[in-house]
Amino acid sequence: MSNVILTINPGSTSTKMAVYRGVTCLFQHTGSHPTTELKTFPSIIAQYDYRTNFIKTKLAEENLVLSDLDAVVGRGGLLAPMASGTYTINEQMLADLRTATYGEHASNLGALMAHRISELHSIPAFIVDPVVVDELQPIARISGHARIERKSIFHALNHKAAGRKVAKRIGVAYEQKNWVIAHLGGGISVGAHRNGRVIDVNNALDGDGPFSPERSGGLPMMQTVALADELSSAAFYRQLVGQGGVVSYLGTNDLRVVEQRVIAGEMAANVVFEAMAYQVSKEIGACAVVLDGEVDGVILTGGLANSALFTAMISKKCQWLAPIYIEPGEDELEALNEGAQRVLNGDEQAKTYEGGRLDGE
C-alpha cells in the first residue's frame, strides 16, 4: 500500500488534485478557475493544456516530483455505458472524450490530463467508476414508451466508495450484501445495490427520482410539456438542471441556509426541506422493493448527509427497512486513489474500455 498516486478531478470551474502514498494523503489542493479565463476557450476540451499546466505548476510549487509517481488517475467523464471498476485509459477512451461522443462535461478532461502525465513519465493511467457506470438489470431499462429507454447516470464513484467504507466498518463484504445507497448532493441518486452491482438507480441528471437542491427530478408530465412549450430548449433544460429543485422554491441551492431558515421557523422552507426528504425516502422504499425487501443496510452519503436534521427525517421513515448508516461527504479524490491502489496491489484487475457496449457483455 505504498504506491504514490496522483488523482485529478476537474469540475466546471475548478480542478481538484491530490497525491497519496497508499491511503495517506500527502497533498491536496482545489484550484478555482475564474469564469473570465474559462470564457476565452471555445469548448471544454480546449481547456486541456490550461488545466494540465495548472496541475504541473501546483505540484512543482509543493516540490512533488512527477517522476516519483507510480500511477495517475483521473475522474471519468461521459463515455459509453460500462461496468463498475478501474479502467486503463486507452486510445478508444481518449477519442470518445476528445470528440465528446457521449456529451461534453468538464470531467471529460480527467482522463485526458491523466494520460498526458502518464505519457511523460511512463506510468499507468486510470479512471474509476465514472457517472456512466451501467449495471441495470434489463427490466429496469423499460421506461413506459418504446422510443425511450431508462439510462444509468448517477454518482457511481461515491456510491461504490460509500458502500465499501460502510461494509468494511461493520465487518462484511460490500459485494456480498444488498444495500440501498442514497447520494445526497447537488444532484440526488438512489440505487439498489445487489451483490456489488447497481441493478436500478434513478437518472440523477436527466430528470428522474427525487428533486435536489438544484435539479427538478421527476415532474408531472403534462405540466412539464406545457412549460417546455413556453421556453427554448436550452432555457427549459436550465429549469430542470441548475434552476430546479430547492432553488426554484427558495432562491438558494445551499441546504445549510435552508436548514437555518427551517430552524428559524420559516414555514415555506420547512415544507420544501421536508418534501425533499420525503421524496428521497420514497425512492429508498422503491429500491427496497427492487431488492425484494432483502436489504442489509441503507447508506446515506454525499454533502447533504452532513445535515443531521435532513438525515433524521429520512431515517425516521426508512429505519424499519434496514439499519441506517450515515457516511457524509463525497471524497472523490480518495475514491479515485482507492480504485487505482486496488489495481496496483493486485486486489482488482484493470478493465478495458471498448466503447459502444457494456464491458464484458
# chains A, B, ... in the order shown; residues from 1 in each chain; ligands from 1

call {"tool": "select_by_dssp", "arguments": {"residues": "range 141-311 of chain A", "states": "strand (DSSP E)", "output": "PDB file with C-alpha atoms, in the first residue's frame"}}
result
ATOM      1  CA  ILE A 142     -38.103  -0.185 -19.540  1.00  0.00           C
ATOM      2  CA  SER A 143     -39.480   3.353 -19.327  1.00  0.00           C
ATOM      3  CA  GLY A 144     -43.080   3.028 -20.412  1.00  0.00           C
ATOM      4  CA  HIS A 145     -42.542   4.095 -24.023  1.00  0.00           C
ATOM      5  CA  ILE A 148     -37.413   5.973 -24.587  1.00  0.00           C
ATOM      6  CA  GLU A 149     -35.055   3.765 -22.579  1.00  0.00           C
ATOM      7  CA  ASN A 178     -27.667  -5.876  -0.574  1.00  0.00           C
ATOM      8  CA  TRP A 179     -27.704  -2.128   0.004  1.00  0.00           C
ATOM      9  CA  VAL A 180     -29.814   0.891  -0.799  1.00  0.00           C
ATOM     10  CA  ILE A 181     -27.414   3.804  -1.190  1.00  0.00           C
ATOM     11  CA  ALA A 182     -28.563   7.428  -1.490  1.00  0.00           C
ATOM     12  CA  HIS A 183     -26.086  10.044  -2.710  1.00  0.00           C
ATOM     13  CA  LEU A 184     -27.409  13.364  -1.426  1.00  0.00           C
ATOM     14  CA  ILE A 188     -29.565  13.041  -5.766  1.00  0.00           C
ATOM     15  CA  SER A 189     -29.278   9.425  -6.862  1.00  0.00           C
ATOM     16  CA  VAL A 190     -30.680   6.423  -5.004  1.00  0.00           C
ATOM     17  CA  GLY A 191     -29.541   2.979  -6.098  1.00  0.00           C
ATOM     18  CA  ALA A 192     -30.365  -0.653  -5.378  1.00  0.00           C
ATOM     19  CA  HIS A 193     -27.041  -2.477  -4.918  1.00  0.00           C
ATOM     20  CA  ARG A 194     -27.273  -6.250  -5.175  1.00  0.00           C
ATOM     21  CA  ARG A 197     -23.985  -4.321  -8.821  1.00  0.00           C
ATOM     22  CA  VAL A 198     -26.318  -1.320  -9.037  1.00  0.00           C
ATOM     23  CA  ILE A 199     -29.286  -3.058 -10.630  1.00  0.00           C
ATOM     24  CA  ASP A 200     -31.567   0.003 -10.542  1.00  0.00           C
ATOM     25  CA  VAL A 201     -30.967   3.710  -9.936  1.00  0.00           C
ATOM     26  CA  GLY A 297     -28.368  -1.612   5.052  1.00  0.00           C
ATOM     27  CA  VAL A 298     -29.442   1.844   3.881  1.00  0.00           C
ATOM     28  CA  ILE A 299     -26.495   4.206   3.380  1.00  0.00           C
ATOM     29  CA  LEU A 300     -26.903   7.996   3.252  1.00  0.00           C
ATOM     30  CA  THR A 301     -23.891   9.766   1.744  1.00  0.00           C
ATOM     31  CA  GLY A 302     -22.952  12.963  -0.094  1.00  0.00           C
TER      32      GLY A 302
END

call {"tool": "closest_atom_pairs", "arguments": {"of": "range 147-218 of chain A", "to": "range 265-281 of chain A", "cutoff": "7 Å", "atoms": "only C-alpha atoms", "output": "tab-separated table"}}
result
residue	atom	partner	partner_atom	distance
A:Pro210	CA	A:Gln279	CA	5.1
A:Phe211	CA	A:Met276	CA	6.3
A:Ser212	CA	A:Met276	CA	6.8

call {"tool": "closest_residue", "arguments": {"among": "A:Glu334, A:Glu135, A:Glu354, A:Glu62", "to": "Phe154 in chain A", "atoms": "only C-alpha atoms"}}
result
A:Glu135

call {"tool": "closest_residue", "arguments": {"among": "A:Gly242, A:Pro130, A:Gly196, A:Gly171", "to": "Met82 in chain A", "atoms": "only C-alpha atoms"}}
result
A:Pro130

call {"tool": "closest_residue", "arguments": {"among": "A:Ile153, A:Leu333, A:Ile139, A:Ala83", "to": "Gln28 in chain A", "atoms": "only C-alpha atoms"}}
result
A:Leu333

call {"tool": "atom_distance", "arguments": {"atom1": "CA of Ala173 in chain A", "atom2": "CA of Gln341 in chain A"}}
result
17.8 Å

call {"tool": "residues_around", "arguments": {"residues": "Lys39 in chain A", "least_positions_apart": "6", "cutoff": "12 Å", "atoms": "only C-alpha atoms", "output": "JSON, numbers by chain"}}
result
{"A": [12, 13, 33, 46, 47]}

call {"tool": "write_last_selection", "arguments": {"atoms": "C-alpha atoms", "output": "mmCIF file, in the first residue's frame"}}
result
data_model
loop_
_atom_site.group_PDB
_atom_site.id
_atom_site.type_symbol
_atom_site.label_atom_id
_atom_site.label_comp_id
_atom_site.auth_asym_id
_atom_site.auth_seq_id
_atom_site.Cartn_x
_atom_site.Cartn_y
_atom_site.Cartn_z
ATOM 1 C CA SER A 12 -16.826 23.130 -14.238
ATOM 2 C CA THR A 13 -14.839 25.964 -12.606
ATOM 3 C CA HIS A 33 -10.586 28.920 -12.391
ATOM 4 C CA ALA A 46 -9.877 23.436 -25.396
ATOM 5 C CA GLN A 47 -9.051 23.898 -21.686
#

call {"tool": "select_by_dssp", "arguments": {"residues": "range 40-209 of chain A", "states": "alpha helix (DSSP H)", "output": "NGL selection string"}}
result
:A and (48-61 or 91-98 or 108-121 or 156-170)

call {"tool": "write_last_selection", "arguments": {"atoms": "N, CA and C atoms", "output": "compact mmCIF listing (two decimals), in the first residue's frame"}}
result
# COMPACT_ATOMS: atom_id res chain seq x y z
N TYR A 48 -7.73 21.90 -22.13
CA TYR A 48 -6.83 20.79 -21.80
C TYR A 48 -5.44 21.25 -21.37
N ASP A 49 -4.77 22.03 -22.21
CA ASP A 49 -3.41 22.48 -21.87
C ASP A 49 -3.42 23.40 -20.65
N TYR A 50 -4.40 24.29 -20.59
CA TYR A 50 -4.53 25.24 -19.49
C TYR A 50 -4.61 24.51 -18.15
N ARG A 51 -5.45 23.48 -18.08
CA ARG A 51 -5.64 22.77 -16.81
C ARG A 51 -4.46 21.84 -16.51
N THR A 52 -3.89 21.22 -17.54
CA THR A 52 -2.74 20.35 -17.32
C THR A 52 -1.56 21.14 -16.78
N ASN A 53 -1.32 22.30 -17.35
CA ASN A 53 -0.22 23.16 -16.87
C ASN A 53 -0.48 23.64 -15.45
N PHE A 54 -1.75 23.87 -15.13
CA PHE A 54 -2.10 24.27 -13.77
C PHE A 54 -1.68 23.20 -12.77
N ILE A 55 -1.95 21.93 -13.10
CA ILE A 55 -1.58 20.83 -12.22
C ILE A 55 -0.07 20.74 -12.06
N LYS A 56 0.64 20.79 -13.17
CA LYS A 56 2.11 20.71 -13.12
C LYS A 56 2.69 21.83 -12.27
N THR A 57 2.18 23.04 -12.44
CA THR A 57 2.69 24.20 -11.70
C THR A 57 2.45 24.03 -10.21
N LYS A 58 1.25 23.63 -9.84
CA LYS A 58 0.91 23.48 -8.42
C LYS A 58 1.75 22.39 -7.76
N LEU A 59 1.94 21.28 -8.45
CA LEU A 59 2.75 20.20 -7.88
C LEU A 59 4.21 20.63 -7.72
N ALA A 60 4.70 21.41 -8.69
CA ALA A 60 6.08 21.91 -8.60
C ALA A 60 6.23 22.84 -7.40
N GLU A 61 5.22 23.66 -7.15
CA GLU A 61 5.25 24.56 -6.00
C GLU A 61 5.34 23.79 -4.69
N GLU A 91 -6.73 4.43 -26.13
CA GLU A 91 -6.98 5.34 -27.25
C GLU A 91 -8.47 5.49 -27.56
N GLN A 92 -9.24 4.40 -27.42
CA GLN A 92 -10.67 4.50 -27.67
C GLN A 92 -11.34 5.46 -26.69
N MET A 93 -10.95 5.37 -25.43
CA MET A 93 -11.49 6.28 -24.41
C MET A 93 -11.11 7.72 -24.72
N LEU A 94 -9.87 7.94 -25.06
CA LEU A 94 -9.40 9.30 -25.35
C LEU A 94 -10.12 9.87 -26.57
N ALA A 95 -10.34 9.04 -27.59
CA ALA A 95 -11.03 9.51 -28.79
C ALA A 95 -12.47 9.91 -28.47
N ASP A 96 -13.16 9.10 -27.66
CA ASP A 96 -14.55 9.41 -27.31
C ASP A 96 -14.64 10.69 -26.48
N LEU A 97 -13.63 10.93 -25.64
CA LEU A 97 -13.64 12.14 -24.82
C LEU A 97 -13.28 13.38 -25.64
N ARG A 98 -12.30 13.24 -26.53
CA ARG A 98 -11.89 14.39 -27.35
C ARG A 98 -13.03 14.88 -28.24
N ASN A 108 -14.69 15.21 -18.51
CA ASN A 108 -14.05 14.57 -19.66
C ASN A 108 -12.55 14.83 -19.69
N LEU A 109 -12.14 15.94 -19.09
CA LEU A 109 -10.72 16.31 -19.10
C LEU A 109 -9.88 15.43 -18.17
N GLY A 110 -10.51 14.76 -17.22
CA GLY A 110 -9.77 13.99 -16.22
C GLY A 110 -8.87 12.93 -16.84
N ALA A 111 -9.45 12.11 -17.71
CA ALA A 111 -8.66 11.04 -18.35
C ALA A 111 -7.62 11.62 -19.28
N LEU A 112 -7.96 12.69 -19.97
CA LEU A 112 -7.02 13.30 -20.92
C LEU A 112 -5.80 13.85 -20.20
N MET A 113 -6.01 14.52 -19.08
CA MET A 113 -4.87 15.07 -18.32
C MET A 113 -4.05 13.95 -17.69
N ALA A 114 -4.73 12.94 -17.18
CA ALA A 114 -4.00 11.81 -16.59
C ALA A 114 -3.15 11.12 -17.65
N HIS A 115 -3.69 10.98 -18.85
CA HIS A 115 -2.94 10.35 -19.93
C HIS A 115 -1.70 11.15 -20.28
N ARG A 116 -1.81 12.47 -20.34
CA ARG A 116 -0.66 13.31 -20.66
C ARG A 116 0.47 13.08 -19.65
N ILE A 117 0.14 13.08 -18.38
CA ILE A 117 1.15 12.89 -17.34
C ILE A 117 1.74 11.49 -17.40
N SER A 118 0.90 10.50 -17.68
CA SER A 118 1.39 9.12 -17.75
C SER A 118 2.37 8.94 -18.91
N GLU A 119 2.09 9.60 -20.01
CA GLU A 119 3.00 9.51 -21.17
C GLU A 119 4.36 10.12 -20.86
N LEU A 120 4.35 11.24 -20.18
CA LEU A 120 5.60 11.93 -19.87
C LEU A 120 6.49 11.12 -18.94
N HIS A 121 5.87 10.31 -18.10
CA HIS A 121 6.65 9.63 -17.06
C HIS A 121 6.51 8.11 -17.11
N ALA A 156 -21.76 7.20 -9.39
CA ALA A 156 -21.24 5.85 -9.18
C ALA A 156 -20.01 5.82 -8.28
N LEU A 157 -19.10 6.78 -8.47
CA LEU A 157 -17.85 6.78 -7.71
C LEU A 157 -18.13 6.84 -6.21
N ASN A 158 -19.01 7.75 -5.80
CA ASN A 158 -19.29 7.88 -4.36
C ASN A 158 -20.19 6.76 -3.86
N HIS A 159 -21.14 6.29 -4.68
CA HIS A 159 -21.97 5.15 -4.28
C HIS A 159 -21.08 3.98 -3.88
N LYS A 160 -20.18 3.61 -4.79
CA LYS A 160 -19.35 2.43 -4.56
C LYS A 160 -18.40 2.64 -3.37
N ALA A 161 -17.81 3.85 -3.29
CA ALA A 161 -16.87 4.13 -2.20
C ALA A 161 -17.58 4.09 -0.85
N ALA A 162 -18.76 4.69 -0.77
CA ALA A 162 -19.51 4.69 0.49
C ALA A 162 -19.92 3.28 0.88
N GLY A 163 -20.33 2.49 -0.11
CA GLY A 163 -20.70 1.11 0.16
C GLY A 163 -19.54 0.31 0.74
N ARG A 164 -18.36 0.48 0.15
CA ARG A 164 -17.18 -0.24 0.64
C ARG A 164 -16.78 0.22 2.05
N LYS A 165 -16.87 1.53 2.30
CA LYS A 165 -16.49 2.06 3.61
C LYS A 165 -17.39 1.50 4.71
N VAL A 166 -18.70 1.55 4.48
CA VAL A 166 -19.63 1.06 5.50
C VAL A 166 -19.46 -0.44 5.69
N ALA A 167 -19.32 -1.17 4.60
CA ALA A 167 -19.15 -2.62 4.70
C ALA A 167 -17.91 -2.97 5.51
N LYS A 168 -16.82 -2.27 5.25
CA LYS A 168 -15.58 -2.54 5.99
C LYS A 168 -15.75 -2.22 7.47
N ARG A 169 -16.48 -1.12 7.74
CA ARG A 169 -16.66 -0.69 9.13
C ARG A 169 -17.43 -1.71 9.95
N ILE A 170 -18.39 -2.39 9.31
CA ILE A 170 -19.21 -3.34 10.07
C ILE A 170 -18.75 -4.79 9.86

call {"tool": "residues_around", "arguments": {"residues": "Ala340 in chain A", "least_positions_apart": "4", "cutoff": "12 Å", "atoms": "only C-alpha atoms", "output": "ChimeraX atom specification"}}
result
/A:1,3-7,20-23,70-75,85-89,124-129,333-336,344-351

call {"tool": "residues_around", "arguments": {"residues": "Gln239 in chain A", "least_positions_apart": "2", "cutoff": "10 Å", "atoms": "only C-alpha atoms", "output": "PyMOL selection string"}}
result
chain A and resi 214-216+227-228+231+234-237+241-245+248

call {"tool": "write_last_selection", "arguments": {"atoms": "N, CA and C atoms", "output": "JSON list (two decimals), in the first residue's frame"}}
result
[["chain", "number", "residue", "atom", "x", "y", "z"],
["A", 214, "GLU", "N", -30.76, 21.67, -6.70],
["A", 214, "GLU", "CA", -30.84, 22.46, -7.94],
["A", 214, "GLU", "C", -31.36, 21.68, -9.14],
["A", 215, "ARG", "N", -31.92, 20.48, -8.92],
["A", 215, "ARG", "CA", -32.48, 19.68, -10.01],
["A", 215, "ARG", "C", -33.91, 19.31, -9.69],
["A", 216, "SER", "N", -34.74, 19.26, -10.73],
["A", 216, "SER", "CA", -36.17, 19.10, -10.52],
["A", 216, "SER", "C", -36.60, 17.66, -10.26],
["A", 227, "LEU", "N", -44.65, 23.69, -19.91],
["A", 227, "LEU", "CA", -43.53, 24.58, -19.61],
["A", 227, "LEU", "C", -42.51, 24.56, -20.74],
["A", 228, "ALA", "N", -42.27, 23.38, -21.28],
["A", 228, "ALA", "CA", -41.31, 23.25, -22.39],
["A", 228, "ALA", "C", -41.76, 24.04, -23.61],
["A", 231, "LEU", "N", -40.65, 27.79, -23.48],
["A", 231, "LEU", "CA", -39.24, 28.15, -23.41],
["A", 231, "LEU", "C", -38.43, 27.54, -24.55],
["A", 234, "ALA", "N", -32.75, 25.20, -24.50],
["A", 234, "ALA", "CA", -31.69, 25.46, -23.51],
["A", 234, "ALA", "C", -32.27, 26.03, -22.23],
["A", 235, "ALA", "N", -33.23, 26.96, -22.36],
["A", 235, "ALA", "CA", -33.84, 27.58, -21.18],
["A", 235, "ALA", "C", -34.65, 26.56, -20.38],
["A", 236, "PHE", "N", -35.32, 25.66, -21.10],
["A", 236, "PHE", "CA", -36.11, 24.63, -20.44],
["A", 236, "PHE", "C", -35.20, 23.69, -19.65],
["A", 237, "TYR", "N", -34.06, 23.30, -20.26],
["A", 237, "TYR", "CA", -33.14, 22.40, -19.58],
["A", 237, "TYR", "C", -32.59, 23.05, -18.31],
["A", 241, "VAL", "N", -32.29, 21.48, -14.63],
["A", 241, "VAL", "CA", -30.96, 21.22, -14.07],
["A", 241, "VAL", "C", -30.26, 22.55, -13.85],
["A", 242, "GLY", "N", -30.14, 22.95, -12.61],
["A", 242, "GLY", "CA", -29.48, 24.21, -12.27],
["A", 242, "GLY", "C", -30.42, 25.20, -11.62],
["A", 243, "GLN", "N", -31.64, 25.30, -12.17],
["A", 243, "GLN", "CA", -32.61, 26.25, -11.62],
["A", 243, "GLN", "C", -33.85, 25.55, -11.09],
["A", 244, "GLY", "N", -33.78, 24.23, -10.98],
["A", 244, "GLY", "CA", -34.92, 23.47, -10.46],
["A", 244, "GLY", "C", -34.75, 23.16, -8.99],
["A", 245, "GLY", "N", -35.57, 22.25, -8.49],
["A", 245, "GLY", "CA", -35.45, 21.80, -7.11],
["A", 245, "GLY", "C", -35.61, 22.90, -6.08],
["A", 248, "SER", "N", -35.58, 26.65, -7.04],
["A", 248, "SER", "CA", -36.77, 27.19, -7.69],
["A", 248, "SER", "C", -37.83, 27.62, -6.67]]

call {"tool": "residues_around", "arguments": {"residues": "Leu219 in chain A", "least_positions_apart": "3", "cutoff": "10 Å", "atoms": "only C-alpha atoms", "output": "mmCIF file with C-alpha atoms, in the first residue's frame"}}
result
data_model
loop_
_atom_site.group_PDB
_atom_site.id
_atom_site.type_symbol
_atom_site.label_atom_id
_atom_site.label_comp_id
_atom_site.auth_asym_id
_atom_site.auth_seq_id
_atom_site.Cartn_x
_atom_site.Cartn_y
_atom_site.Cartn_z
ATOM 1 C CA GLY A 207 -34.892 14.324 -14.723
ATOM 2 C CA ASP A 208 -35.721 11.250 -12.671
ATOM 3 C CA GLY A 209 -36.198 10.495 -8.991
ATOM 4 C CA PRO A 210 -36.244 12.979 -6.087
ATOM 5 C CA PHE A 211 -35.750 16.693 -6.561
ATOM 6 C CA SER A 216 -36.173 19.095 -10.519
ATOM 7 C CA MET A 222 -48.362 17.390 -18.954
ATOM 8 C CA GLN A 223 -47.425 20.433 -16.876
ATOM 9 C CA THR A 224 -43.800 19.832 -17.812
ATOM 10 C CA VAL A 225 -44.689 19.649 -21.513
ATOM 11 C CA LEU A 240 -34.700 21.265 -14.822
#

call {"tool": "atom_distance", "arguments": {"atom1": "CA of Val246 in chain A", "atom2": "CA of Ile326 in chain A"}}
result
22.3 Å
